[in-house]
$ cat structure.pdb   # PDB, C-alpha atoms, pLDDT in the B column
ATOM      1  CA  MET J   1      29.495 -23.006  45.530  1.00 62.00           C
ATOM      2  CA  ARG J   2      28.590 -26.569  44.715  1.00 70.00           C
ATOM      3  CA  ARG J   3      32.231 -27.674  44.750  1.00 79.00           C
ATOM      4  CA  ARG J   4      32.556 -26.776  48.433  1.00 79.00           C
ATOM      5  CA  TRP J   5      29.609 -28.902  49.504  1.00 85.00           C
ATOM      6  CA  VAL J   6      30.545 -32.095  47.687  1.00 88.00           C
ATOM      7  CA  PRO J   7      33.584 -32.977  49.861  1.00 85.00           C
ATOM      8  CA  ALA J   8      31.694 -31.977  53.012  1.00 83.00           C
ATOM      9  CA  LEU J   9      28.773 -34.233  52.110  1.00 89.00           C
ATOM     10  CA  VAL J  10      31.065 -37.131  51.200  1.00 90.00           C
ATOM     11  CA  LEU J  11      33.058 -36.859  54.418  1.00 87.00           C
ATOM     12  CA  GLY J  12      29.881 -36.433  56.459  1.00 88.00           C
ATOM     13  CA  GLY J  13      28.419 -39.523  54.817  1.00 91.00           C
ATOM     14  CA  LEU J  14      31.539 -41.531  55.606  1.00 91.00           C
ATOM     15  CA  TRP J  15      31.406 -40.398  59.210  1.00 89.00           C
ATOM     16  CA  TRP J  16      27.742 -41.346  59.592  1.00 92.00           C
ATOM     17  CA  TRP J  17      28.411 -44.713  57.950  1.00 92.00           C
ATOM     18  CA  ALA J  18      31.200 -45.418  60.449  1.00 91.00           C
ATOM     19  CA  VAL J  19      29.162 -44.290  63.457  1.00 91.00           C
ATOM     20  CA  LEU J  20      26.077 -46.267  62.463  1.00 92.00           C
ATOM     21  CA  ARG J  21      28.191 -49.327  61.793  1.00 92.00           C
ATOM     22  CA  LEU J  22      29.798 -49.010  65.231  1.00 91.00           C
ATOM     23  CA  VAL J  23      26.397 -48.647  66.889  1.00 92.00           C
ATOM     24  CA  LEU J  24      24.450 -51.268  64.927  1.00 94.00           C
ATOM     25  CA  GLU J  25      27.117 -53.933  64.332  1.00 92.00           C
ATOM     26  CA  PRO J  26      29.934 -53.434  66.848  1.00 89.00           C
ATOM     27  CA  GLU J  27      31.212 -57.001  66.470  1.00 91.00           C
ATOM     28  CA  HIS J  28      31.803 -56.577  62.709  1.00 89.00           C
ATOM     29  CA  THR J  29      33.551 -53.202  62.750  1.00 88.00           C
ATOM     30  CA  GLY J  30      37.224 -52.661  62.392  1.00 90.00           C
ATOM     31  CA  VAL J  31      39.946 -50.139  62.985  1.00 92.00           C
ATOM     32  CA  ILE J  32      38.949 -48.012  59.983  1.00 89.00           C
ATOM     33  CA  GLU J  33      35.418 -47.391  61.254  1.00 90.00           C
ATOM     34  CA  GLY J  34      36.718 -46.526  64.695  1.00 90.00           C
ATOM     35  CA  ALA J  35      39.319 -44.148  63.317  1.00 91.00           C
ATOM     36  CA  VAL J  36      36.804 -42.395  61.043  1.00 89.00           C
ATOM     37  CA  ALA J  37      34.270 -42.021  63.862  1.00 89.00           C
ATOM     38  CA  ALA J  38      36.856 -40.779  66.365  1.00 90.00           C
ATOM     39  CA  GLY J  39      38.429 -38.426  63.828  1.00 87.00           C
ATOM     40  CA  GLY J  40      35.105 -36.876  62.890  1.00 84.00           C
ATOM     41  CA  TRP J  41      34.191 -36.424  66.530  1.00 81.00           C
ATOM     42  CA  GLY J  42      37.573 -34.828  67.196  1.00 80.00           C
ATOM     43  CA  LEU J  43      37.093 -32.423  64.305  1.00 77.00           C
ATOM     44  CA  SER J  44      33.757 -31.385  65.725  1.00 74.00           C
ATOM     45  CA  LEU J  45      35.563 -30.106  68.808  1.00 73.00           C
ATOM     46  CA  LEU J  46      37.604 -27.568  66.844  1.00 71.00           C
ATOM     47  CA  PRO J  47      36.467 -24.019  67.488  1.00 70.00           C
ATOM     48  CA  VAL J  48      35.888 -23.091  63.863  1.00 66.00           C
ATOM     49  CA  HIS J  49      33.376 -20.446  64.893  1.00 66.00           C
ATOM     50  CA  VAL J  50      36.240 -18.493  66.472  1.00 65.00           C
ATOM     51  CA  ALA J  51      37.765 -17.030  63.349  1.00 66.00           C
ATOM     52  CA  SER J  52      39.560 -13.746  63.030  1.00 69.00           C
ATOM     53  CA  THR J  53      37.725 -11.118  61.055  1.00 71.00           C
ATOM     54  CA  PRO J  54      39.315  -8.083  59.479  1.00 72.00           C
ATOM     55  CA  ARG J  55      38.676  -4.904  61.427  1.00 69.00           C
ATOM     56  CA  PRO J  56      38.195  -1.530  59.813  1.00 73.00           C
ATOM     57  CA  GLY J  57      40.960   0.099  61.883  1.00 63.00           C
ATOM     58  CA  GLY J  58      43.638  -2.434  60.958  1.00 58.00           C
ATOM     59  CA  ALA J  59      45.535  -4.888  63.121  1.00 56.00           C
ATOM     60  CA  GLY J  60      46.649  -2.501  65.878  1.00 55.00           C
ATOM     61  CA  SER J  61      43.432  -0.577  66.370  1.00 52.00           C
ATOM     62  CA  ARG J  62      42.616  -2.107  69.768  1.00 55.00           C
ATOM     63  CA  SER J  63      45.940  -1.670  71.490  1.00 54.00           C
ATOM     64  CA  ARG J  64      46.881   1.985  71.538  1.00 53.00           C
ATOM     65  CA  GLY J  65      49.628   3.220  73.762  1.00 53.00           C
ATOM     66  CA  VAL J  66      49.244   5.759  76.561  1.00 56.00           C
ATOM     67  CA  GLY J  67      50.778   8.544  74.500  1.00 54.00           C
ATOM     68  CA  GLU J  68      48.332   7.929  71.653  1.00 54.00           C
ATOM     69  CA  GLY J  69      45.202   8.586  73.685  1.00 54.00           C
ATOM     70  CA  GLY J  70      44.822   5.034  74.830  1.00 52.00           C
ATOM     71  CA  GLY J  71      43.221   5.975  78.123  1.00 53.00           C
ATOM     72  CA  GLY J  72      46.007   4.990  80.486  1.00 53.00           C
ATOM     73  CA  SER J  73      45.651   6.090  84.101  1.00 56.00           C
ATOM     74  CA  VAL J  74      49.303   7.163  84.487  1.00 58.00           C
ATOM     75  CA  GLY J  75      49.698  10.927  84.974  1.00 55.00           C
ATOM     76  CA  ARG J  76      46.048  11.787  85.516  1.00 53.00           C
TER      77      ARG J  76
END
$ encode --input "structure.pdb" --output "structure tokens"
Amino acid sequence: MRRRWVPALVLGGLWWWAVLRLVLEPEHTGVIEGAVAAGGWGLSLLPVHVASTPRPGGAGSRSRGVGEGGGGSVGR
């Protein structure tokens, strides 16, 4: 468990360092700080909370055909 948090903390620290440097000393920052800050902000826009979860019925449990009792309105 600890091994997962170490890279996240290091990368988060680098991002905060770049952002604070851009805010506090904009005249002394370079391309690296800008790239790190922009990259971290871009990563925050990824929808990581939208992840597929395994369902108990398998992959095709939601899409049943009409002949399988899927509830189609044809022929009713």
$ atom_distance --input "structure.pdb" --atom1 "CA of Val31 in chain J" --atom2 "CA of Arg4 in chain J"
28.5 Å
$ atom_distance --input "structure.pdb" --atom1 "CA of Trp41 in chain J" --atom2 "CA of Trp5 in chain J"
19.2 Å
$ residues_around --input "structure.pdb" --residues "range 11-21 of chain J" --least-positions-apart "2" --cutoff "8 Å" --atoms "all atoms listed in the file" --output "PyMOL selection string"
chain J and resi 7-9+23-26+29+33-34+36-37+40
